[in-house]
Structures are given as structure tokens and as C-alpha cells.
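Here is the structure we will look at.
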2 protein chains.
Amino acid sequence: MIDRLDAFVSSKSEEFISLLKDFLVIPSVSAGVSSGSAMREAVGWVQRQLRGCGLDAVIAETGGHPAVLADSGPAEGPGPTVLVYGHYDVQPVGEEALWHSPPFVPTLREGAVYARGAADDKGQLLTHILAARAFREVSGRLPVRVKYLIEGEEEVGSSHLAALVEDRRQQLECDFVVLSDTAKFDETTPAITYGTRGLVYKQLTLCGPKHDLHSGSFGGTVLNPGNVLGRVLSGLKDAEERIAIAGCYDDVRPLSAEEHQALEALPFDEQAYLRSTGSPALSGEQGYTTLERRWVRPTLDVNGVFGGFMGSGASTVIPARVGAKVSMRLVPDQRPERVSQAFDEAVRALVPPGVSLELETLALAEPYMCPIDSPQIRAAVAAMKGGFQRDPVLIREGGTLPILPLFRRVLGADSVMMGFCSPNCNAHGPNEFLGVEDFLAGIRTVVRFLDLLARA
Amino acid sequence: MIDRLDAFVSSKSEEFISLLKDFLVIPSVSAGVSSGSAMREAVGWVQRQLRGCGLDAVIAETGGHPAVLADSGPAEGPGPTVLVYGHYDVQPVGEEALWHSPPFVPTLREGAVYARGAADDKGQLLTHILAARAFREVSGRLPVRVKYLIEGEEEVGSSHLAALVEDRRQQLECDFVVLSDTAKFDETTPAITYGTRGLVYKQLTLCGPKHDLHSGSFGGTVLNPGNVLGRVLSGLKDAEERIAIAGCYDDVRPLSAEEHQALEALPFDEQAYLRSTGSPALSGEQGYTTLERRWVRPTLDVNGVFGGFMGSGASTVIPARVGAKVSMRLVPDQRPERVSQAFDEAVRALVPPGVSLELETLALAEPYMCPIDSPQIRAAVAAMKGGFQRDPVLIREGGTLPILPLFRRVLGADSVMMGFCSPNCNAHGPNEFLGVEDFLAGIRTVVRFLDLLARA
């Protein structure tokens, strides 16, 4: 059976690449003043592909860009029901001059398709649709029940997704979710991601004088919000790069010996990683490895600072207001609301009388982690090994996917994240790409995954 | 004699106010793309006024806006030679909508002339020219030798003044300089300023990754220049608002018991001062009064911070670069070069490996202080008392006048600073004004000052 499916994928590989290019031509940028017609075109394209697999696919209106819902219907066998998640919207192209070929003219170069959305997420999403197509054409039906939820607002915060999932709770009922919106561990090692970090994002503004003051006439007599900002920011982390917010680490789940060993065993190339950052050196919380700091430890980063005289040259003002954007990444079992409150208290305690503070919460998202000994993770490991002809690794991710806790909360479903694209695929930058071999290996992986689920 | 001079000033007051308005009509803004024709018109206007006093007045070209030099010629009596300094250039008008009458349409309102440059420095400068006019018309000649140096680049750093003064060292030879480019102590108390603070102005840039990094994927593994900026800024001052730069206070001349008493005796209204700042509270280096912190203690102020994500909303980046403008005000006997070097060393010591530092010096200026027991200061006190019918006070100034150390260095001359305008005259803001009574009292003061010098 798998042989026949593999043979089908091989025989259709040119058509599949051609389909991917068709999808990538559509400039479905969700951010900013997005083109409504491009979004409609993309959502219709997805609907047609799903219908071409014999699925009942409908467009679901949201308050924003629409989603596609599809369902293969009740399965014959006893396997689980799977919900495939993906998104058809893409990031803005940024500075077009940096692209070596136009972002919406998909171009095959050195074994990869270059275009905005090639990896994130059109190409990776398409592997799940084309695997269904393979089953449809080879055996007439999917081996387990598969549902699809393909949204158009992932790159702008999935703001209408929670309402949609809640409204369609029955319709989306599933045993678990599967998605391909993460990356491989390195160029050659496919990866299953089983945990992501949460987020607390704050803006703090320190206000001193009513308007900028002359630093000669007034310097020394009033507190300078710029100096106080330094004190506040430095007070949030100690010299060992530990977060200096009371209780911050209380809920951090210690790494199990098993997970610690697994992390240690990963073929992590520190030098290559350092080069990819362009920083002078790797650094961070003492007592933890780079991968631990990246995935399993909370962080606190200043994202931006602004205020006072920011032009060229010298202007001697005491700024009336200065501000900073500060965000934290959270790990299990930290709770965003609790950390947010502790952050606010810590900041307030650092602000002396003489300046006033404005605090705004710009984002809160939970961390996520799922067990790695589930049948679906075991099936995913075996499927990837077959699809890529290489053992996958189990990894975590430093970034945040707010949809994962959403699916767990509303649908009671954990998520399997299979990463097929390169970690250096330029997902949000110029020259985004997806390797053709990774694309085809992804399709073969999903085929195997569904097949294994039916047999489990 | 003084009676006749006073009577002349009184009889001519309307003409003098009219002359002031003529001067203020000329939009001689030196900053930015300034109008060459307005600068020429202003410098010509000054030259004509000085010639109208019977003085030999010439325009001196510089690399920038020209200056006017004038000389009353050798005096008959034994009195000192005085060099009057002033400037005909003005600050930009800023936001015109905030002006209640157009900045270059001088408008008499509630006893004051409102216009850009009314106080800083056209009106105050004109008192010195009109005092000469009074002598010319009443007695035919000035009682001592008076020279004039009126420049057009004070508001943009007097960048060509040092070369001019050095070139014309012989021609500008004098016993001391007199200028009116400072303010009264408060609305009702005229002031003689005998000290100003120096300046060290720095820009520091912290560089981490080559480009902004995703704070999810990389947070915790590289040092964030924004967090380091907090540490650097907070490391430059301790919690008692003392500057934490080694050796910074070594050269600070202790306040004499006499000066301390004089400061204490000033009729300083802390609440009015606080209101003028709009800050929640007055604050600063512990153990010093507000006036001490303002005038006789060094300060360190953040003038601006910038870098990373500065827009609205949440963007999760680790900034590649962040920067800050930081300046210090210096007091006698601190030396700018020495403080500058200590600043750099302190900053370098605060920057950990993992980020790199770029440091730039944007300005260096010496502090200035002159003895208060000189004949010219005694004459100035007596002249102000006569001109304003009120005892003046001797004060220092928190700001920086780089011309004062220049005159001392090149001409060997100390400076007498007589302030006639209100300290709330909005010198660099909208609705700048000079009270008509202050203008006329200023003329009477300069008349008395020159008269007293001839008698000393």
C-alpha cells in the first residue's frame, strides 16, 4: 500500500510542484491593507484542492479573512479523528529589492521553490492536502477521518480563530491536531516540535516633566525619565541574566532527566547557530545550555526603546517621556496572567517618586507542551523516518503558537507539529524557500502518518 | 549726568520700543536652511545702529553667518575697556500654531513685546547699543572705551567664533566682557550670573546581532543590546542620584561658606520652580539643595534613547542596535576632556562581552566661573540697583556658555552677565517676550554701568 502511495507521489511530483507554484502566485498577505480579492482567491483555491480530494469543504466567514473547513466524513476503521491546521495567509514581502526573484513569482532555483509563503505555510500546508489526494487516487478514501481548518489570519495574530473554533466545536471535534508550521531541526534533520513558549508583551512609559526641559537649566533638579528607564530595565534582570521578578521561576516545570538527556543528544552546532545570529557571542542565563535557554527557560527581552531626542547631533533635553517595549517568553507551567501581574509589580517597585508610570499589556499567550509518548507522536516519528529516510528529532520551539493552547482548551486536543522546511528558510524575510525534496518528503510523511494511525 | 541720561531714555522710550520691533521683524534664524538675506539684513541693521552711535562698526565675515565688530576708540579717561558681546541670530520658531501672535510680527501685549528673539538676544543686546546712543546724544561720547562683538551663530554653537576672536585678538583686546544673554532670578529680581556649567555630550550605541532577531527563536541565547543599555544607563548613576563614574567628583570645587550662604539667602520659590517643570516632584543628588543641584553640582542626563521596535503594537524582536544620547553638565574645576575620558571608561566597563559598543563625543565645553569681588561686578550690582530700583542677586546658571571660557582663554577677559529678561521668557519656545519695563530698566542699567566704570 505505502509502495503504491509513494509511487503515486513520485509520478505526480511535477504536477504537485506546479500546484504549489499556483498557490504561491496568490499574494495573500494578511497584514496591513490586505487585498480582499487575493484572500478570496487563496481561500477559494484551498477549497477547490480539498474538494478535489473528495472532501466536503466549505468557506467559513469570520469577522476577518475567511477560513476553510473540510471533513472526510466518518471513517470505516477504528482510527482516530485528525484535525489538520494550516494557514493560507502570508507575511508581507518586506523590502522587495532584497529578493532575488519576485516574491509572488515562484521560482525554482538550486532544488528549492522561492516565493513568499513557500515554507510558511502554503508549501507545508499543501503536503497535508496532497497526501489526502494520494489516498483518494490510490485507494479511493482516507484511512482515518481527517478534518481541515485552514485560516487566513495566522500572520496577524489569528484574531478571529478562537471565536470560530468555539462556534464550530462540534464540527471540529477530533482526537488531536496536526500541523506543519514549524521547521526541521537543521538542514538534514526533520523535527517534531512538542513544546512552544508563551508570551507576555508590555509597553512601559515613564513620564517626568510636562514637556522636554533644558538639561542645563533643569538638570539635577528633577528625575530624568531616561535615567529611570535604565534603572527599570536593568532591574528586571540580574547580572547573571536571571529574570529579577519575584516568583517568576516558581511555576517553571523542571526539565526531566529524560528530556535533559534528549536535549543533550541533539546534534546542535553552536558555531553555526552563533553565525546565524551575527552576535559577537552566545550568552544568557548562567547554568543552562544554549538550547535550554532557547526552549525551556523563560526570557525577558527589551524589544525597543524610544523617547527624548532621537535625531542626529546633540540636543540637551530632559525628556518628558521615554518608553520601552519589553516581552517575556514563558515556559510550562508559567501562567501569562500571573507573570504579567508580577512584571507590573516589579516595574512599579522600580519606579521612584518623581516620575510616573504608564503600563500597557500588548499580548498574553500561554506556553504549550504535549506528552511525547502518545500514539500520534510515535506515529509521527515513524512516518517522518519513512518519509525523509532519516530519524527525526523531538524538539521544542522558542517562539509562541497561541493556537495550540486554544485547541487544547476548546477541543481538548493536543497538537503534533511536523516540521518539513529548513530552519533557515527565511520564513519572515526575503527569499523564503521550500526545498523540493523536503516538500515531497513531507507529502510522503503525511501519507505514512495517516496510514500508521489507521493501523495503530 | 545720570539724571540727564535717564531723562533721555524716558523721552525716547517709544522710539526705542519701535526700534526693538524693527529688529524683531527680521527672521534671522541661524539653524537649518537659514535665510541668507535675513541674516544679512539683521547684521546690516546692527551695523547701522552702532554707526548711529558714532562708532566705527564693520561687518566681519566668518565661514558662516557674519559678525559685527565696533569700537568707540581710545577713551579720554582712565577707565577700563569693555567688550560687549551679543548675538543677532534667533532660535527657530518651532510650532507656529502655539504662538498667540506671529513670531516675526512683534506685538505689544500686557506690557511686553512678544516675538522670536525679544529676549534671546535681540532685546537684551539692544539695551547695550541704546545705552551707547544715550551717551552719544547726551554727552557726545562714551565714558569708557567700548567695543562690540555681535555674532550670528550663537544658537547653532558659535562654530566660527573661536577663529574670529583668535584672528582679531588685538582688535578685541579688553579688560572684561559684558553681555546680557541670561535672565533675571525671578520676575522681580534682576540678576548677575557669575558661573555657568560645562558640557560633555555623548552618543553611545550598543550592537548585538547583525540584524533584528526573532525574540522567540533566539531569546535567551544572545545578549540583547536593549537590556544591556538599561544596565549601562543605570550604572552611570547610583540610587542616590550620584554620578557613578570614578573620579568624577575629584575636581569639583567645594562651595565656599560665603557662596553657600549667598545661595541660601536667595528668594527661591521651590513650588513655583516645580510648577515650571511640570514634574511630579523635585529630586536629585542627595545632600544638596535644589539650587545647588541646579548650579554647582555636576549632572548626568539621558537626553534620548532609541532602537529596536519603536512603532505601535507588539513586535517581538531582539534589536540589532540601540542607542542613547547622554550628557553631563560640569562645574568648576572639572575638565571636559578628563570627564569625557572617565565617562568612556565607565561605559566600557559596563558593557559585557556579547555586545559591542560605539562611542561618540558630540560636544565638550568648559564650565566657567569668575570672581564676584571685581570692580566690574561691583559696578554691575550698583548699576542694576539703580536701573531696576531693586537689589540684584548674584547667581549661577545651570546651562553652558562656551563663549565665556573662550574669552578668558584668548582675550584673558572675564565676563559680566547682566540678566534683564524674565526667567520664564520662553527663550526657545513659543511666545517669547521681553517686558517693556525690563527693556528700559536694562538700558538705564547699562548707562549706569558705563558711567560707574569711568568713575571707578
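Ligands are numbered from 1 in the order shown, chains are lettered A, B, ... in the order of the C-alpha cells, and residues start at 1 in each chain.
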
Would you kindly report the residues of chain A within 6 Å of chain B, using only C-alpha atoms, as a ChimeraX atom specification?
/A:208-210,216-217,220-223,226-227,230-231,233-234,277-284,290,293-294,299,302-310,317-318,354,398-399

When DSSP works through the backbone of this structure, what residues of stretch 164-308 of chain A end up as alpha helix (DSSP H), shown as a PyMOL selection string?
chain A and resi 164-167+215-218+225-235+257-265+270-277+290-295

Please measure the separation of atom CA of A:Leu266 and atom CA of A:Arg390, giving the value in Å to one decimal.
14.0 Å

Best match for closeness to A:Phe439 among A:Glu76, A:Asp391, A:Asp269, A:Asp121, counting only C-alpha atoms
A:Asp121

Selection near B:Gly52, 10 Å with only C-alpha atoms, sequence-local residues under 3 positions removed, as a PyMOL selection string:
chain B and resi 46-49+55-57+129-130+132-133+136

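Atom CA of B:Gly435 sits 10.6 Å away from atom CA of B:Ile17.
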
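Rounded to one decimal, atom CA of A:Gly79 and atom CA of A:Glu151 lie 25.7 Å from each other.
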
Non-local contacts of B:Pro143 (8 Å; only C-alpha atoms; under 3 positions in same chain excluded) as an NGL selection string
:B and (75-77 or 79 or 135 or 450-451 or 454)

Could you give me, as an MDAnalysis selection string, each residue of stretch 108-258 of chain B that DSSP assigns to strand (DSSP E) when run on this structure's backbone?
chainID B and resid 108:109 112:114 145:151 176:179 191:196 198:207 213:214

A:Pro27: which residues within 7 Å, counting only C-alpha atoms, same-chain residues fewer than 2 positions away excluded, as a PyMOL selection string?
chain A and resi 25+29+38+104

Could you take the residues named above and write them with C-alpha atoms, as a PDB file, in the first residue's frame?
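Below is the file selection-v6.pdb, written as the result:
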```pdb
ATOM      1  CA  VAL A  25       1.312  33.172  -7.058  1.00  0.00           C
ATOM      2  CA  VAL A  29      -0.757  38.985   2.605  1.00  0.00           C
ATOM      3  CA  ALA A  38      -6.220  37.907  -3.108  1.00  0.00           C
ATOM      4  CA  PHE A 104       4.956  36.232  -5.914  1.00  0.00           C
TER       5      PHE A 104
END
```

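Here the question is which of B:Pro267, B:Gly442, B:Pro78, B:Gly73 gets nearest to B:Leu125 using only C-alpha atoms, and that residue is B:Gly442.
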
Quick one: everything within 12 Å of B:Thr193, counting only C-alpha atoms, minus sequence neighbours fewer than 6 positions away in the same chain. Send it as number ranges by chain.
B: 178-185, 295, 368-372, 377, 380-381, 392-401, 404, 414-420

Which residues are close to A:Leu411, i.e. within 7 Å by only C-alpha atoms, leaving aside same-chain residues fewer than 3 positions away? Reply as number ranges by chain.
A: 169, 173, 407-408

Would you mind telling me which residue in B:Leu452, B:Leu126, B:Ala7, B:Val331 lies nearest to B:Gly195 when using only C-alpha atoms?
B:Val331
